[in-house]
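Trainee: Structure below; questions to follow.
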Number of protein chains: 2
Amino acid sequence: MTKRLTTTAFVDHAPHLIKDAVKLVASYPTVPITVDCVIFGFEENELKVLLIRSDLEMYKGFWSLLGDNVKDNEELDSAAYRILKERTGMNDVYLDQVRAFSHPQRHPGGRVITLAYCSLLNIQHHELMIYANELHWHSFSSIKEMAFDHKEILDTCYAWLQKRIQEHPLGFNLLPDKFSLRELQNLYEAILGVSLDRRNFRKKFASMGLLIDVGEMEEDVPHRPGKLYKFNFEKYEKNKRKWIGIDF
Amino acid sequence: MTKRLTTTAFVDHAPHLIKDAVKLVASYPTVPITVDCVIFGFEENELKVLLIRSDLEMYKGFWSLLGDNVKDNEELDSAAYRILKERTGMNDVYLDQVRAFSHPQRHPGGRVITLAYCSLLNIQHHELMIYANELHWHSFSSIKEMAFDHKEILDTCYAWLQKRIQEHPLGFNLLPDKFSLRELQNLYEAILGVSLDRRNFRKKFASMGLLIDVGEMEEDVPHRPGKLYKFNFEKYEKNKRKWIGIDF
DNA sequence: TTATTATTGTGTAAGATGTACACATTTAAA
DNA sequence: TTTAAATGTGTACATCTTACACAATAATAA
């Protein structure tokens with residue numbers, strides 16, 4: 001997907017030149033790098049976030065993002081996917097790098113730079129696979145304090161999500177495969193913190209042509225059941241470039 | 001501006017707990033970190049980018065972004081500002097973190113993670129202050145190959161800029177203090193790679209209310225001179241939140 | 001001095017999109 | 001059978017976007 005090292009072919013790899021390069025890099029200070037994942041979910045009409053108890057005694061009682069150090073020669077994206085896989089058992093989830101946090105005192109154990117990643121996942125899919133204790137979904141709005149600078153990271157990722165969801169139809173990653181328009185609207189209202197006109201909301205999504213009517217109805221609702229839809233991932237992938245903004 | 005370490009006050013700083021934290025961090029692999037700045041300018045109706053000859057013999061002849069390693073306990077943002085200051089003499093320039101590049105083989109000297117920063121600066125202001133040799137403005141569109149993965153970084157920052165400039169009136173950072181609407185339009189056309197309707201373009205900017213008529217006219221143009229404007233930075237800063245998207 | 005050229009400055013109509021708003025229909029539950 | 005609660009739909013209005021043309025101005029060339 002991303003182009004990599006396209007210039008390598010033109011470069012002289014003579015051993016003494018490599019040695020020079022190695023020497024240069026060896027002169028750089030080094031820093032421990034971590035990845036912290038903000039994992040959003042949606043349940044009971046609330047935006048949730050998956051947190052774990054801090055593993056540091058110092059932050060005993062504080063909640064913390066799911067993070068880990070980046071291994072030797074591990075790409076940041078891979079580290080983020082690895083953490084997700086290890087902690088939730090999930091493989092194919094939406095994941096994006098948000099930004100780096102580098103305040104020298106952000107970790108009490110010394111200088112650590114962390115890369116924040118934002119991930120969206122479907123709680124229904126994932127619920128069964130969590131194995132770790134002390135891993136819990138929290139209502140996003142209830143979180144006031146966290147370990148390290150994780151509250152700042154969380155807030156940054158939330159702002160990122162609010163913006164991102166208005167540019168790309170990401171919400172589907174948080175919903176079951178089949179969902180009603182009401183559920184979809186609840187999701188948008190929860191994330192954006194606004195209330196939307198039902199008719200206009202439906203009209204807008206209808207006009208996007210990304211919803212497939214699966215011909216089924218909601219069940220076990222205490223009122224008239226609504227139609228169920230699934231998201232047209234294929235069509236979205238095809239027309240991605242038209243959905244505002246080149247991905248970078 | 002950003003909240004930092006808001007939870008620290010609630011945390012137990014007993015020495016043995018700090019020792020634990022230090023021990024934990026000491027167990028993490030460490031990585032050399034660099035910052036690479038993509039510095040855009042605008043001149044002669046072309047988007048330009050400021051590049052330097054690669055300092056690695058291996059990439060002799062290749063152009064490279066302005067980068068440096070991040071010092072001990074230096075914040076990434078500070079490192080980026082330091083590089084800008086050192087290389088261009090400029091202090092108050094627009095600067096934003098774009099993203100991290102972490103391919104294990106991206107640097108021939110071994111594993112180096114770099115943080116890409118994007119910066120916009122006014123070539124007129126800055127021209128006199130460049131002191132380094134081998135530091136040149138290049139037409140963005142003419143750049144085909146670069147050292148390391150810098151072409152990929154450049155392309156990423158360009159895509160980022162294209163998107164960003166449609167959400168925030170960043171273009172002003174690239175123009176002289178006083179500019180004509182034609183110059184402003186040329187800038188947008190150059191960055192977005194489209195041609196825009198002159199009347200609609202003017203109407204749009206007029207309706208934003210961010211332009212101040214300085215009561216002067218262009219000089220030395222071989223045709224009817226246009227009015228000069230300056231950008232209303234104050235008003236923009238005040239209403240920033242309304243300019244699409246919370247900053248994150 | 002005049003004519004030519006290039007560019008500025010402006011307005012309007014049509015289309016597209018966003019917003020506000022109301023009523024009949026359907027199901028579950030009382 | 002009635003009631004309550006939600007679904008499903010359409011229309012008018014306002015706002016934004018797009019397409020498009022002509023007179024005014026200054027520099028230049030004749």
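A note on labels: chains of the structure tokens are A, B, ... as shown, every chain counts residues from 1, and ligands are counted from 1 in their shown order.
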Just want the 9 Å neighbourhood of DG9 in chain C, counted on only C-alpha atoms (C1' of nucleotides), with same-chain residues fewer than 2 positions away dropped. Output as a list of chain:residue names.

Mentor: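 The filter keeps B:Arg199, B:Gly226, D:DA24.
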
Trainee: Write down as a PyMOL selection string the residues belonging to range 15-68 of chain A that are assigned alpha helix (DSSP H) by DSSP computed on the backbone.

Mentor: chain A and resi 15-26

Trainee: Select all residues from chain A having any atom no more than 6 Å from an atom of chain B (counting only C-alpha atoms, ignoring ligands), output as a PyMOL selection string.

Mentor: chain A and resi 5+12+17+21-22+25+28-32+58+73+75+102-104+109+149+156+163+245+248

Trainee: Distance cut-off 10 Å, counting only C-alpha atoms (C1' of nucleotides) - which residues of chain B neighbour chain D? Return them as an mmCIF file with C-alpha atoms, in the first residue's frame.

Mentor:
data_model
loop_
_atom_site.group_PDB
_atom_site.id
_atom_site.type_symbol
_atom_site.label_atom_id
_atom_site.label_comp_id
_atom_site.auth_asym_id
_atom_site.auth_seq_id
_atom_site.Cartn_x
_atom_site.Cartn_y
_atom_site.Cartn_z
ATOM 1 C CA ASP B 197 -13.232 30.340 -10.745
ATOM 2 C CA ARG B 199 -15.220 35.333 -8.992
ATOM 3 C CA ASN B 200 -16.299 32.494 -6.751
ATOM 4 C CA ASP B 220 5.134 46.968 -10.964
ATOM 5 C CA VAL B 221 2.563 44.743 -12.561
ATOM 6 C CA PRO B 222 2.131 45.105 -16.329
ATOM 7 C CA HIS B 223 -1.603 45.582 -16.093
ATOM 8 C CA ARG B 224 -4.246 47.064 -13.863
ATOM 9 C CA PRO B 225 -2.972 46.580 -10.303
ATOM 10 C CA GLY B 226 -5.114 44.818 -7.730
#

Trainee: I need the residues of range 12-160 of chain B that end up classed as strand (DSSP E or B) by DSSP on the backbone, written out as JSON, numbers by chain.

Mentor: {"B": [30, 31, 32, 33, 34, 35, 36, 37, 38, 39, 40, 41, 42, 43, 46, 47, 48, 49, 50, 51, 52, 53, 63, 64, 66, 67, 68, 69, 94, 95, 96, 97, 98, 99, 100, 101, 113, 114, 115, 116, 117, 118, 119, 120, 135, 136, 137, 138, 139]}
